[in-house]
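The next block holds one structure in the form of structure tokens; read it before the comments.
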Amino acid sequence: MKNNKEYSPKIKSLYRSLKREYSKPEKVIYDEPLEALIYGIISENMSESAAQSAIKSIASNFVNFNDLRVSLEEEIVEMLGQDTPEIRNTVFVLKKVLGNLFRKYNKVSLAELKKIGKRQAKKILEQMEGVSNFAVNYCMLTSLGGHAIPLTARMTEYLRSNGLIHPEADEQEIAGFLTRQISAANGYEFYALLRGHSESDGRGAKKKAGTKSVPGTTKKASQTRGKTGTKKSEK
């Protein structure tokens, strides 16, 4: 990205500011990479809180990922809350991923990705039809131990509108720039804080010591766990 030296201190200042303003989000880790990928696909074009509600509905209405695979598109659209072109595309990608996995491996799982190197795992994810950079990076960050900063369109717009990145930088340039500014150990925290802030416009719920909770980032595993995937734990 152009003018890295100009924007680097701005990003680090933003991170410090977000940590002061909000309480620390609990880190989410998925045992099954497919669960992380599905959440990434679903949550990219809706708020974190709406995505969590959608995941709960899916978990309550489908037995497992294979049940989700063979379900009707209209059924999944209903679980996602509203019928819009964006939601229809989300469902199309979701069913495409599940269908391709079943045809290739006769099962719907990405557990094998945990047995190979991160670079190869990311390459496999990137080659999946319709899967976005956000979903790939979310899966890498929350299930495969990758150094990634997933970016929704709203997060990117927040960075642009506040002059925190070069105005002509594309999605991949921005993501690469952020991973050079934010360490792997802090990747999830930065992602969660920035996402929550961009979605709330800084108007989070008050917490003790004057800090705010980031919407949708501090739920316990037991509150978001469903029958469609493996346990989601936080550390």
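Quick note on naming: the chains in the structure tokens go A, B, ... in the order shown, residues restart at 1 in each chain, and ligands are numbered from 1 in order of appearance.
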
Please list as a CSV table (one decimal) with C-alpha atoms, in the first residue's frame every residue within 10 Å of A:Val77, counting only C-alpha atoms and excluding residues in the same chain fewer than 3 positions away.
chain,number,residue,atom,x,y,z
A,54,ALA,CA,-28.8,-16.3,12.0
A,72,LEU,CA,-34.1,-25.6,0.2
A,73,GLU,CA,-32.7,-22.2,-0.5
A,74,GLU,CA,-35.9,-20.6,0.8
A,80,LEU,CA,-30.9,-15.5,7.8
A,81,GLY,CA,-33.7,-13.0,8.6
A,82,GLN,CA,-34.6,-11.3,5.3
A,83,ASP,CA,-34.9,-11.9,1.6
A,84,THR,CA,-32.5,-9.5,-0.2
A,87,ILE,CA,-28.8,-12.8,1.4
A,88,ARG,CA,-29.6,-14.8,-1.7
A,89,ASN,CA,-26.0,-14.6,-2.8
A,90,THR,CA,-24.9,-15.7,0.7
A,91,VAL,CA,-27.1,-18.7,0.5
A,92,PHE,CA,-25.9,-19.5,-3.0

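Within the 12 Å cut-off around A:Asp170, using only C-alpha atoms and omitting residues fewer than 3 positions from it on the same chain, the listed residues are A:Met1, A:Lys2, A:Asn133, A:Leu151, A:Ala153, A:Thr156, A:Glu157, A:Arg160, A:Ile165, A:His166, A:Pro167, A:Glu173, A:Ile174, A:Ala175, A:Gly176, A:Phe177.
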
Restrict the selected residues to N, CA and C atoms and save them as a PDB file, in the first residue's frame.
ATOM      1  N   MET A   1       0.837  -1.190   0.000  1.00  0.00           N
ATOM      2  CA  MET A   1       0.000   0.000   0.000  1.00  0.00           C
ATOM      3  C   MET A   1       0.876   1.245   0.000  1.00  0.00           C
ATOM      4  N   LYS A   2       0.467   2.249  -0.738  1.00  0.00           N
ATOM      5  CA  LYS A   2       1.241   3.479  -0.830  1.00  0.00           C
ATOM      6  C   LYS A   2       1.280   4.214   0.511  1.00  0.00           C
ATOM      7  N   ASN A 133     -12.564 -13.065   0.196  1.00  0.00           N
ATOM      8  CA  ASN A 133     -11.359 -12.878   1.009  1.00  0.00           C
ATOM      9  C   ASN A 133     -11.707 -12.781   2.488  1.00  0.00           C
ATOM     10  N   LEU A 151     -11.799  -8.256   6.739  1.00  0.00           N
ATOM     11  CA  LEU A 151     -12.372  -6.918   6.584  1.00  0.00           C
ATOM     12  C   LEU A 151     -13.718  -6.971   5.887  1.00  0.00           C
ATOM     13  N   ALA A 153     -17.012  -4.838   4.281  1.00  0.00           N
ATOM     14  CA  ALA A 153     -17.095  -3.584   3.529  1.00  0.00           C
ATOM     15  C   ALA A 153     -17.253  -2.409   4.483  1.00  0.00           C
ATOM     16  N   THR A 156     -13.855  -1.542   6.021  1.00  0.00           N
ATOM     17  CA  THR A 156     -13.010  -0.858   5.044  1.00  0.00           C
ATOM     18  C   THR A 156     -13.464   0.577   4.847  1.00  0.00           C
ATOM     19  N   GLU A 157     -14.777   0.778   4.772  1.00  0.00           N
ATOM     20  CA  GLU A 157     -15.308   2.130   4.596  1.00  0.00           C
ATOM     21  C   GLU A 157     -14.964   3.016   5.790  1.00  0.00           C
ATOM     22  N   ARG A 160     -11.379   4.048   5.377  1.00  0.00           N
ATOM     23  CA  ARG A 160     -11.243   5.043   4.302  1.00  0.00           C
ATOM     24  C   ARG A 160     -11.765   6.411   4.731  1.00  0.00           C
ATOM     25  N   ILE A 165      -6.255   4.746   5.853  1.00  0.00           N
ATOM     26  CA  ILE A 165      -5.601   3.969   4.803  1.00  0.00           C
ATOM     27  C   ILE A 165      -5.542   4.813   3.544  1.00  0.00           C
ATOM     28  N   HIS A 166      -4.684   4.430   2.624  1.00  0.00           N
ATOM     29  CA  HIS A 166      -4.580   5.168   1.366  1.00  0.00           C
ATOM     30  C   HIS A 166      -5.893   5.032   0.592  1.00  0.00           C
ATOM     31  N   PRO A 167      -6.446   6.132   0.099  1.00  0.00           N
ATOM     32  CA  PRO A 167      -7.756   6.086  -0.565  1.00  0.00           C
ATOM     33  C   PRO A 167      -7.820   5.208  -1.806  1.00  0.00           C
ATOM     34  N   GLU A 173      -4.470  -5.081  -0.617  1.00  0.00           N
ATOM     35  CA  GLU A 173      -3.417  -4.182  -0.131  1.00  0.00           C
ATOM     36  C   GLU A 173      -3.689  -3.754   1.301  1.00  0.00           C
ATOM     37  N   ILE A 174      -4.943  -3.455   1.592  1.00  0.00           N
ATOM     38  CA  ILE A 174      -5.308  -3.022   2.946  1.00  0.00           C
ATOM     39  C   ILE A 174      -5.103  -4.158   3.943  1.00  0.00           C
ATOM     40  N   ALA A 175      -5.575  -5.348   3.583  1.00  0.00           N
ATOM     41  CA  ALA A 175      -5.427  -6.493   4.487  1.00  0.00           C
ATOM     42  C   ALA A 175      -3.957  -6.794   4.747  1.00  0.00           C
ATOM     43  N   GLY A 176      -3.143  -6.754   3.702  1.00  0.00           N
ATOM     44  CA  GLY A 176      -1.715  -7.005   3.867  1.00  0.00           C
ATOM     45  C   GLY A 176      -1.055  -5.940   4.734  1.00  0.00           C
ATOM     46  N   PHE A 177      -1.434  -4.694   4.527  1.00  0.00           N
ATOM     47  CA  PHE A 177      -0.899  -3.586   5.316  1.00  0.00           C
ATOM     48  C   PHE A 177      -1.238  -3.767   6.795  1.00  0.00           C
TER      49      PHE A 177
END

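Of the residues listed (A:Lys95, A:Lys56, A:Lys27, A:Arg195), A:Arg195 shows the shortest atom-to-atom separation from A:Thr152; distances use only C-alpha atoms.
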
### Task
Name the closest residue to A:Leu193 among the candidates A:Val93, A:Leu141, A:Met46, A:Leu14; distances are taken between atoms, counting only C-alpha atoms.
A:Leu14

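For the residues A:Leu34, A:Arg154, A:Lys122, A:Gly163, ranking by smallest atom-to-atom distance to A:Glu48 using only C-alpha atoms places A:Arg154 first.
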
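Note that the spacing between atom CA of A:Tyr158 and atom CA of A:Glu199 amounts to 9.2 Å.
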
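In this structure, atom CA of A:Ala111 sits 18.5 Å away from atom CA of A:Val63.
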
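Among the candidates A:Lys5, A:Ser60, A:Ile11, A:Ser143, the one nearest to A:Thr179 when counting only C-alpha atoms is A:Ile11.
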
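Among the candidate residues A:Asn45, A:Lys12, A:Tyr7, A:Gly99, the one lying nearest to A:Ala169 is A:Tyr7, with distances computed using only C-alpha atoms.
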
## Note on the structure
atom CA of A:Glu21 to atom CA of A:Ala192 measures 13.0 Å

### Task
Could you tell me, as a VMD selection string, which residues of chain A DSSP assigns to strand (DSSP E) when given the backbone?
chain A and resid 28 to 30 205 to 206 212 to 213 232 to 234

### Query
Where does DSSP see helix (DSSP H, G or I) in stretch 145-204 of chain A, if you list the residues as a ChimeraX atom specification?
/A:153-161,171-181,184-200

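For A:Ala36, the set of protein, DNA and RNA residues having any atom at most 8 Å away, when counting only C-alpha atoms and skipping those fewer than 2 positions along the same chain, is Tyr30, Glu32, Pro33, Leu34, Ile38, Tyr39, Gly40, Tyr138, Cys139, Thr142 and Ser143 of chain A.
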
### Message
Nearest residue to A:Asp67 out of A:Val136, A:Ala148, A:Leu98, A:Leu125, using only C-alpha atoms?
### Response
A:Leu98
